[in-house]
Amino acid sequence: MNEIPARYNPKEAEDRWYQFWEERGLFSAQAGPAKKPFCIVIPPPNVTGILHMGHALNNTIQDILIRYHRMLGCAALWIPGTDHAGIATQNVVEKALAKEKLRRQDLGREKFIERVWQWREQYGSTIIKQLKKLGASCDWSRARFTMDEEYSKAVVEVFIRLFELGLIYRGTYIINWCPRCQTALSDEEAPHRELKGNLYYIKYPLVVGHVSCVFGLTKTRGPRPTAHDEYIVVATTRPETMLGDTAVAVNPKDKRYKHFIGRTLILPLVNREIKIIADNMVDMEFGTGAVKVTPAHDPNDYGLGKKHGLEFIKVMRPDGRMNENAADYKDMDRFEAREVILEDLKEKGLLEKVQPHQLSAGHCYRCHTLIEPYLSKQWFVKMKPLAGPAIEAVKKGKIKFYPKRWTKVYLNWMENIQDWCISRQIWWGHRLPVYYCKNCISHIDIKDNDKRLAISDKPKGVIASRTRPEKCPVCGSSDIYQDEDVLDTWFSSWLWPFATLGWPNIGSRIDKIHPSPSTLHPSPSDIEYFYPTSVLVTAPEIIFFWVARMIMAGFAFIGKKPFRDVYIHGTVRDIEGKKMSKSLGNIIDPLEIIAEYGADALRFSLVSLTAQGQDVYLSKERFEQGRNFANKIWNASRFILMNLDPGYKNEDLSVFFSKNKLSRINRWILSRFYAALKEVNRSLGAYKFNEAANLLYSFFWHEFCDWYLEMIKVDLKNSENQLVMYKALEKSLRALHPLMPFITEEIWQRLGSWGQSPPVFPQEGTVPPKLRSIMTEPWPHVQEQIIDKEVEKEMCLVFDVITLVRNMRSELGIPLQADIPVRVCLASRQKRGLLEAMSGQIKTLAKLNELRIEEHYARQEHEYAAIALGLHVVIPLAGVNGAGQYKEKLTGRIKETISAIKAKEAVLAKTDFIRRAPAEIVENEKAKLKELKNTLSKLKAVEDALK
RNA sequence: GGGCUCAUAGCUCAGCUGGUUAGAGCGUUGCGUUGACAUCGCAAAGGCCAGAGGUUCAAGUCCUCUUGGGCCCACCA
């Protein structure tokens, strides 16, 4: 007991208590009618993930909510898990293979997938371990992985259902193609970024009559002098795609080009004839008003191509190199081809000019490679029908975003939703449950040399099936093969809130383990009980990827929303406002912070910095605040533990209260505790975590430690003080527990069962065998009747007097060692009584050897200095050398007070104010004026006394 | 092009539905080893709340515009 170290050592305590909680199964929650459900599903981190500050913030918030609700008596379930993260994981494993000089193709699909699973076995739980370090109280027994067998069933089920509803289709479209990952990506996976590019103006020669203008086609003959109508200049940012041009489009209203419509051009470098077409889509203002049309390499041009029946000529291979349609440029990389093509055009005099041009283009969200709009056959989900209920639910407030502004972002995206490209040309993921009968289907993949495309791809001979079909249901052939593609990772993530609760197997896990003995009150299944989940805590980046899609999936497959609230926290940035990222090298590693300052310090600092919806700017020093606070809690507790007398009885506080036995100071601290607690409840209920953190911080540090503990030091062994200091600490620990789970447990356990016999105090470094845990103790209940504004006001006066004396001492340069006598003069008899009653504490805290409390301020000889704040506090000035300085300050203060009085008088002189402002406010202002005047007269009296 | 967001003390930020003398942490300056804590205590200095208009009895707070940061979305050849 008396060997409590002066410094808290988080390292040792944290692992010990985490193990304690986990071994006792305190994280698990079960469906049952006795409690209210509270459920959060974790945003599943990637299996490849390592804990960064974003995770730390995200999971701290969730853990606070879970621990808070657990203490409130809910069945609080936090479902953890990881995401298989298709492309990201495949990339990681491929990198590992590359070290062995292997490509995945060398292994083959099956062997490669085996390797990924191996990798997952070895490294996949890294982030889970790290979450435990943070203190996350997830129910680990329910951990899910999006590639689990059970989970995969949900994925297949959803695919089949959508397919049967006609909401999944296959088609050939321009999609976002990453030439490095060599897969299609959804629009969300190809975020736009600013690029510094050029706008190239290229001359396309006109065919005159039926004979081509041949200039520029041979290298020997240079361009001949040109008349205006001999070529059309088009502007492009991607000249390499010109090889696939099949038209040039102009606006039909454009007078400059009207007479060219329908005429033929020669496509330079490949010498193909292309037509000039007219379309309203063409912006006359941009470039030259004439646009080259490349239907196979640009989404806009694709539309034009379909509309005008143009040819679709692909000039690139999936790896971003030019194909056989690219004439001399075959096998060149797309960027190399651009350079060479520009050189060639320049040489032929066909490059009119080059203009710097800012543009933005899609980049692969996994490897940041510039996306190539690429024509290919992919699978899509029709999203419009799914969006309807998801829009309505948010509009009607059934699902609420915190902060509110994200509602608009969500609705805007949902209302303009595009079909979702879900097929990926990678190996790691859920393979499409689609099979083809060789016999039935002439299933021709697009070859690079296909110039014409069948636009419609009706699924004839395509079988979508939950299990691999033995035979073709149409022709009976057994020559069946499965689609090679896998599904977008997010196609499994969007099922997370219900797939983790056992869908589509509705039977509850609990039912299986503990069959309900009573038919009257059968245990609800997990999904019945916990779904819809309570709140989703996530980052803004994945609103479209994940949040919106989960809402759609919830309505589509369960018929209910997946969660009530969505809390969107800010992005973690460095102190310069840059997003923390590995590549920028500005990472602050949460694990390093935990090692150095402790998980509680990390959690507290993070949360106290997170105003709702604002980004968090971090530097390492920020965590010192959390560490210092943990140390403060530790030391205040240490002090209490050292002074707690085991002989006293831990009685029920309400008995004390009802007898009105408690001293003013004790009533005050309890009142302040409950007042703060009430605010904490309100803050947590509104997801204002920084407010909750700061309320508890300032209560504990500045009220409990700085005032309360200092004051009761006067009479520590008093049984009432013993009781209240114990109670206030114990309750504070419980209120702090969701924020700082480890240190609160450590101290709470050391407090043991004080006052009960026999007291149990665990030894340092050991875990007591049968102890309860603070994490399953009830959250303190706000005792309204204990909140006492009168007592708070009274104590304010006491604090004012002490502060005033200290202030004067400091100003007058009277050292703290010197005990001095002080006179306090005030008219109110009641207040005098109050100060009289508290004089012991006042004398101690202000270091006085004498405190005289008088009714009237009687002017004395020079030996007194004084200052007023509705009362006179008088300090003898004899032998003090700071007096001159003090006089100056006094004059300043008088001036300030006079101007404050003038300002108030001006306000009160306005008839509009008296007439329109609420009476309460007017009264308030009048009272203030009176007090100011009172203060002024006292200040003046002091000034006189000093003369 | 559309939308969002921020601008408050030297620094990083709070400030809920408009109503005391605008707060905190860090930093700065004094003083301090007082029975837990120097990862501490006491005190102090420091703000025309970005700028300009407007609404109101009353504006850091609401509205409009301007300036300057940040972010998101868009079929910006």
# chains A, B, ... in the order shown; residues from 1 in each chain; ligands from 1
call {"tool": "interface_residues", "arguments": {"of": "chain A", "to": "chain B", "cutoff": "8 Å", "atoms": "only C-alpha atoms (C1' of nucleotides)", "output": "VMD selection string"}}
result
chain A and resid 6 235 to 237 286 to 287 291 to 292 299 to 300 359 to 360 405 609 611 617 624 to 625 627 to 628 631 to 632 635 to 640 806 to 807 810 815 to 816 910 to 917 921 928
call {"tool": "select_by_dssp", "arguments": {"residues": "stretch 230-444 of chain A", "states": "alpha helix (DSSP H)", "output": "ChimeraX atom specification"}}
result
/A:299-308,334-347,384-395,406-415
call {"tool": "closest_residue", "arguments": {"among": "A:Arg672, A:Trp406, A:Thr891, A:Lys471", "to": "A:Pro540", "atoms": "only C-alpha atoms"}}
result
A:Trp406
call {"tool": "select_by_dssp", "arguments": {"residues": "stretch 334-382 of chain A", "states": "strand (DSSP E)", "output": "list in words"}}
result
Leu351, Glu352, Lys353, Val354, Gln355, Pro356, His357, Gln358, Leu359, Ser360, Ala361, Gly362, Glu372, Pro373, Tyr374, Leu375, Ser376, Lys377, Gln378, Trp379, Phe380 and Val381 of chain A
call {"tool": "residues_around", "arguments": {"residues": "B:G47", "least_positions_apart": "2", "cutoff": "12 Å", "atoms": "only C-alpha atoms (C1' of nucleotides)", "output": "ChimeraX atom specification"}}
result
/B:8-10,22-23,49,60
call {"tool": "closest_atom_pairs", "arguments": {"of": "stretch 765-850 of chain A", "to": "stretch 685-706 of chain A", "cutoff": "12 Å", "atoms": "only C-alpha atoms", "output": "Markdown table"}}
result
| residue | atom | partner | partner_atom | distance |
| --- | --- | --- | --- | --- |
| A:Glu792 | CA | A:Glu703 | CA | 11.5 |
| A:Met795 | CA | A:Glu703 | CA | 11.2 |
| A:Cys796 | CA | A:Glu703 | CA | 11.4 |
| A:Phe799 | CA | A:Glu703 | CA | 10.8 |
| A:Leu845 | CA | A:Asp706 | CA | 10.3 |
call {"tool": "atom_distance", "arguments": {"atom1": "atom CA of A:Gln90", "atom2": "atom CA of A:Lys579"}}
result
25.1 Å
call {"tool": "atom_distance", "arguments": {"atom1": "atom CA of A:Lys382", "atom2": "atom CA of A:Gln418"}}
result
7.8 Å
call {"tool": "atom_distance", "arguments": {"atom1": "atom CA of A:Lys348", "atom2": "atom CA of A:Leu267"}}
result
12.8 Å
call {"tool": "residues_around", "arguments": {"residues": "stretch 333-346 of chain A", "least_positions_apart": "6", "cutoff": "7 Å", "atoms": "only C-alpha atoms (C1' of nucleotides)", "output": "VMD selection string"}}
result
chain A and resid 239 to 240 320 to 322
call {"tool": "decode", "arguments": {"residues": "stretch 23-59 of chain B", "atoms": "N, CA, C and O atoms (P, O5', C5', C4', C3', O3' and C1' of nucleotides)", "output": "compact mmCIF listing (two decimals), in the first residue's frame"}}
result
# COMPACT_ATOMS: atom_id res chain seq x y z
P G B 23 -13.29 34.67 -20.37
O5' G B 23 -12.91 33.22 -19.87
C5' G B 23 -11.68 32.65 -20.25
C4' G B 23 -11.92 31.22 -20.63
C3' G B 23 -10.64 30.41 -20.77
O3' G B 23 -10.22 29.93 -19.50
C1' G B 23 -11.97 30.09 -22.68
P A B 24 -8.66 29.74 -19.25
O5' A B 24 -8.41 28.32 -19.94
C5' A B 24 -9.15 27.18 -19.50
C4' A B 24 -8.81 25.99 -20.34
C3' A B 24 -7.33 25.71 -20.50
O3' A B 24 -6.84 24.99 -19.40
C1' A B 24 -8.38 25.59 -22.62
P G B 25 -5.35 25.10 -18.98
O5' G B 25 -4.62 24.26 -20.12
C5' G B 25 -4.70 22.83 -20.14
C4' G B 25 -3.97 22.32 -21.35
C3' G B 25 -2.55 22.83 -21.50
O3' G B 25 -1.64 22.06 -20.74
C1' G B 25 -3.69 23.10 -23.54
P C B 26 -0.36 22.75 -20.13
O5' C B 26 0.52 23.05 -21.42
C5' C B 26 1.08 21.98 -22.17
C4' C B 26 1.68 22.50 -23.45
C3' C B 26 2.73 23.58 -23.29
O3' C B 26 4.00 23.04 -22.96
C1' C B 26 1.22 24.22 -24.97
P G B 27 4.96 23.85 -21.99
O5' G B 27 5.26 25.16 -22.85
C5' G B 27 6.08 25.09 -24.01
C4' G B 27 6.13 26.43 -24.68
C3' G B 27 6.60 27.58 -23.80
O3' G B 27 8.01 27.63 -23.72
C1' G B 27 4.65 28.24 -24.94
P U B 28 8.68 28.15 -22.40
O5' U B 28 8.28 29.69 -22.36
C5' U B 28 8.73 30.57 -23.39
C4' U B 28 8.23 31.96 -23.12
C3' U B 28 8.50 32.49 -21.71
O3' U B 28 9.84 32.96 -21.61
C1' U B 28 6.26 32.96 -22.29
P U B 29 10.60 32.71 -20.27
O5' U B 29 9.97 33.82 -19.32
C5' U B 29 9.98 35.18 -19.71
C4' U B 29 9.26 36.00 -18.67
C3' U B 29 9.56 35.60 -17.24
O3' U B 29 10.79 36.16 -16.82
C1' U B 29 7.23 35.83 -17.49
P G B 30 11.62 35.45 -15.68
O5' G B 30 11.09 36.26 -14.44
C5' G B 30 10.54 35.55 -13.41
C4' G B 30 9.79 36.45 -12.48
C3' G B 30 9.71 35.75 -11.13
O3' G B 30 10.76 36.23 -10.32
C1' G B 30 7.53 36.05 -11.98
P C B 31 11.78 35.15 -9.83
O5' C B 31 10.96 34.50 -8.64
C5' C B 31 10.38 35.35 -7.64
C4' C B 31 9.28 34.63 -6.93
C3' C B 31 9.63 33.24 -6.42
O3' C B 31 10.42 33.29 -5.26
C1' C B 31 7.51 33.17 -7.43
P G B 32 11.53 32.16 -5.10
O5' G B 32 10.66 30.84 -4.93
C5' G B 32 10.11 30.55 -3.66
C4' G B 32 9.08 29.47 -3.76
C3' G B 32 9.57 28.04 -3.80
O3' G B 32 10.01 27.60 -2.54
C1' G B 32 7.75 28.31 -5.27
P U B 33 11.23 26.65 -2.37
O5' U B 33 10.64 25.18 -2.22
C5' U B 33 9.64 24.62 -3.03
C4' U B 33 9.53 23.15 -2.76
C3' U B 33 9.88 22.78 -1.31
O3' U B 33 8.73 22.65 -0.48
C1' U B 33 11.21 21.50 -2.89
P U B 34 7.66 21.41 -0.61
O5' U B 34 7.20 21.33 0.88
C5' U B 34 7.25 22.49 1.75
C4' U B 34 5.86 22.80 2.22
C3' U B 34 4.88 21.65 2.15
O3' U B 34 4.91 20.97 3.40
C1' U B 34 3.89 23.69 1.38
P G B 35 5.10 19.42 3.33
O5' G B 35 3.85 18.88 2.43
C5' G B 35 3.95 17.65 1.76
C4' G B 35 3.55 16.51 2.67
C3' G B 35 2.41 15.64 2.14
O3' G B 35 2.95 14.48 1.55
C1' G B 35 1.93 16.36 4.34
P A B 36 3.39 14.51 0.07
O5' A B 36 2.09 14.04 -0.71
C5' A B 36 1.81 12.66 -0.79
C4' A B 36 1.65 12.25 -2.22
C3' A B 36 2.36 13.14 -3.25
O3' A B 36 3.69 12.70 -3.44
C1' A B 36 0.11 12.90 -3.87
P C B 37 4.84 13.69 -3.87
O5' C B 37 4.49 14.03 -5.38
C5' C B 37 4.70 13.04 -6.39
C4' C B 37 4.06 13.52 -7.67
C3' C B 37 4.60 14.84 -8.22
O3' C B 37 5.75 14.60 -9.00
C1' C B 37 2.23 14.86 -8.25
P A B 38 7.09 15.34 -8.70
O5' A B 38 7.15 16.56 -9.72
C5' A B 38 6.69 16.44 -11.08
C4' A B 38 7.30 17.58 -11.87
C3' A B 38 8.77 17.42 -12.18
O3' A B 38 8.99 17.69 -13.55
C1' A B 38 8.38 19.50 -11.11
P U B 39 8.91 16.62 -14.66
O5' U B 39 7.35 16.55 -15.04
C5' U B 39 6.77 17.37 -16.11
C4' U B 39 5.34 16.90 -16.23
C3' U B 39 4.72 16.78 -14.84
O3' U B 39 3.72 17.73 -14.55
C1' U B 39 4.68 14.66 -16.02
P C B 40 2.78 18.54 -14.96
O5' C B 40 2.10 18.90 -13.58
C5' C B 40 1.86 17.92 -12.57
C4' C B 40 2.13 18.50 -11.21
C3' C B 40 1.66 19.91 -10.98
O3' C B 40 0.27 19.98 -10.80
C1' C B 40 3.80 19.65 -10.05
P G B 41 -0.50 21.30 -11.22
O5' G B 41 -0.16 22.26 -10.01
C5' G B 41 -0.59 21.92 -8.70
C4' G B 41 -0.10 22.95 -7.74
C3' G B 41 -0.47 24.37 -8.07
O3' G B 41 -1.81 24.64 -7.70
C1' G B 41 1.79 24.29 -7.44
P C B 42 -2.64 25.68 -8.55
O5' C B 42 -2.02 27.04 -8.06
C5' C B 42 -2.21 27.48 -6.72
C4' C B 42 -1.48 28.77 -6.51
C3' C B 42 -1.78 29.85 -7.53
O3' C B 42 -3.00 30.50 -7.26
C1' C B 42 0.54 29.74 -7.18
P A B 43 -3.88 31.01 -8.50
O5' A B 43 -2.99 32.21 -9.05
C5' A B 43 -3.00 33.45 -8.36
C4' A B 43 -1.87 34.31 -8.86
C3' A B 43 -2.01 34.85 -10.28
O3' A B 43 -2.94 35.90 -10.36
C1' A B 43 0.19 34.12 -9.92
P A B 44 -3.73 36.16 -11.71
O5' A B 44 -2.60 36.82 -12.61
C5' A B 44 -2.02 38.06 -12.23
C4' A B 44 -0.84 38.36 -13.11
C3' A B 44 -1.17 38.56 -14.59
O3' A B 44 -1.62 39.86 -14.81
C1' A B 44 0.72 37.15 -14.37
P A B 45 -2.60 40.18 -16.04
O5' A B 45 -1.58 40.25 -17.26
C5' A B 45 -0.58 41.26 -17.30
C4' A B 45 0.41 40.91 -18.39
C3' A B 45 -0.20 40.78 -19.78
O3' A B 45 -0.32 42.03 -20.40
C1' A B 45 1.20 38.92 -19.34
P G B 46 -1.66 42.41 -21.16
O5' G B 46 -1.61 41.44 -22.43
C5' G B 46 -0.56 41.58 -23.41
C4' G B 46 -0.57 40.37 -24.29
C3' G B 46 -1.92 40.10 -24.98
O3' G B 46 -2.02 40.84 -26.18
C1' G B 46 -1.09 38.10 -24.01
P G B 47 -3.20 41.88 -26.40
O5' G B 47 -3.95 41.34 -27.68
C5' G B 47 -3.89 40.00 -28.11
C4' G B 47 -5.14 39.65 -28.85
C3' G B 47 -6.13 40.80 -29.05
O3' G B 47 -6.04 41.28 -30.39
C1' G B 47 -7.22 38.80 -28.28
P C B 48 -6.18 42.84 -30.66
O5' C B 48 -7.68 43.01 -31.17
C5' C B 48 -8.63 43.71 -30.40
C4' C B 48 -9.90 43.80 -31.22
C3' C B 48 -9.80 43.09 -32.55
O3' C B 48 -10.72 42.02 -32.72
C1' C B 48 -10.38 45.39 -32.89
P C B 49 -12.11 41.80 -32.79
O5' C B 49 -11.88 40.26 -32.90
C5' C B 49 -10.91 39.73 -33.87
C4' C B 49 -11.19 38.25 -33.93
C3' C B 49 -12.34 37.87 -34.86
O3' C B 49 -11.91 36.79 -35.66
C1' C B 49 -12.74 37.05 -32.67
P A B 50 -12.37 36.58 -37.12
O5' A B 50 -11.09 36.78 -38.06
C5' A B 50 -9.99 37.59 -37.64
C4' A B 50 -9.34 38.18 -38.87
C3' A B 50 -10.13 39.32 -39.50
O3' A B 50 -9.84 40.55 -38.88
C1' A B 50 -9.53 37.76 -41.19
P G B 51 -11.04 41.61 -38.69
O5' G B 51 -11.21 42.18 -40.17
C5' G B 51 -10.17 42.94 -40.77
C4' G B 51 -10.60 43.39 -42.14
C3' G B 51 -11.97 44.04 -42.19
O3' G B 51 -11.92 45.41 -41.86
C1' G B 51 -11.83 42.40 -43.88
P A B 52 -13.17 46.13 -41.21
O5' A B 52 -14.18 46.20 -42.45
C5' A B 52 -13.85 46.99 -43.60
C4' A B 52 -14.95 46.89 -44.60
C3' A B 52 -16.35 47.10 -44.06
O3' A B 52 -16.64 48.47 -43.86
C1' A B 52 -16.36 45.21 -45.44
P G B 53 -17.87 48.89 -42.98
O5' G B 53 -19.03 48.75 -44.07
C5' G B 53 -20.36 48.71 -43.65
C4' G B 53 -21.18 48.03 -44.71
C3' G B 53 -22.53 47.57 -44.20
O3' G B 53 -23.46 48.65 -44.23
C1' G B 53 -21.49 45.75 -45.24
P G B 54 -24.16 49.03 -42.85
O5' G B 54 -25.27 47.88 -42.78
C5' G B 54 -26.21 47.74 -43.84
C4' G B 54 -26.82 46.38 -43.83
C3' G B 54 -27.68 46.03 -42.63
O3' G B 54 -28.95 46.65 -42.70
C1' G B 54 -26.32 44.18 -43.18
P U B 55 -29.69 47.09 -41.39
O5' U B 55 -30.19 45.68 -40.84
C5' U B 55 -31.15 44.93 -41.56
C4' U B 55 -31.47 43.65 -40.82
C3' U B 55 -31.83 43.83 -39.36
O3' U B 55 -33.19 44.20 -39.19
C1' U B 55 -30.25 42.09 -39.57
P U B 56 -33.55 45.40 -38.21
O5' U B 56 -33.19 44.81 -36.78
C5' U B 56 -33.88 43.68 -36.27
C4' U B 56 -33.24 43.24 -34.99
C3' U B 56 -33.03 44.34 -33.95
O3' U B 56 -34.23 44.58 -33.23
C1' U B 56 -31.06 43.03 -34.15
P C B 57 -34.55 46.07 -32.83
O5' C B 57 -33.48 46.40 -31.70
C5' C B 57 -33.30 47.75 -31.28
C4' C B 57 -32.44 47.78 -30.04
C3' C B 57 -31.14 47.00 -30.13
O3' C B 57 -30.12 47.76 -30.73
C1' C B 57 -32.25 46.45 -28.12
P A B 58 -29.14 47.08 -31.74
O5' A B 58 -28.42 45.98 -30.83
C5' A B 58 -27.45 46.41 -29.87
C4' A B 58 -26.94 45.22 -29.12
C3' A B 58 -26.33 44.12 -29.97
O3' A B 58 -24.98 44.43 -30.27
C1' A B 58 -27.81 43.16 -28.39
P A B 59 -24.36 44.05 -31.66
O5' A B 59 -23.15 43.11 -31.22
C5' A B 59 -23.35 41.91 -30.49
C4' A B 59 -22.57 40.79 -31.12
C3' A B 59 -21.58 41.19 -32.19
O3' A B 59 -20.46 40.31 -32.18
C1' A B 59 -23.23 39.79 -33.14
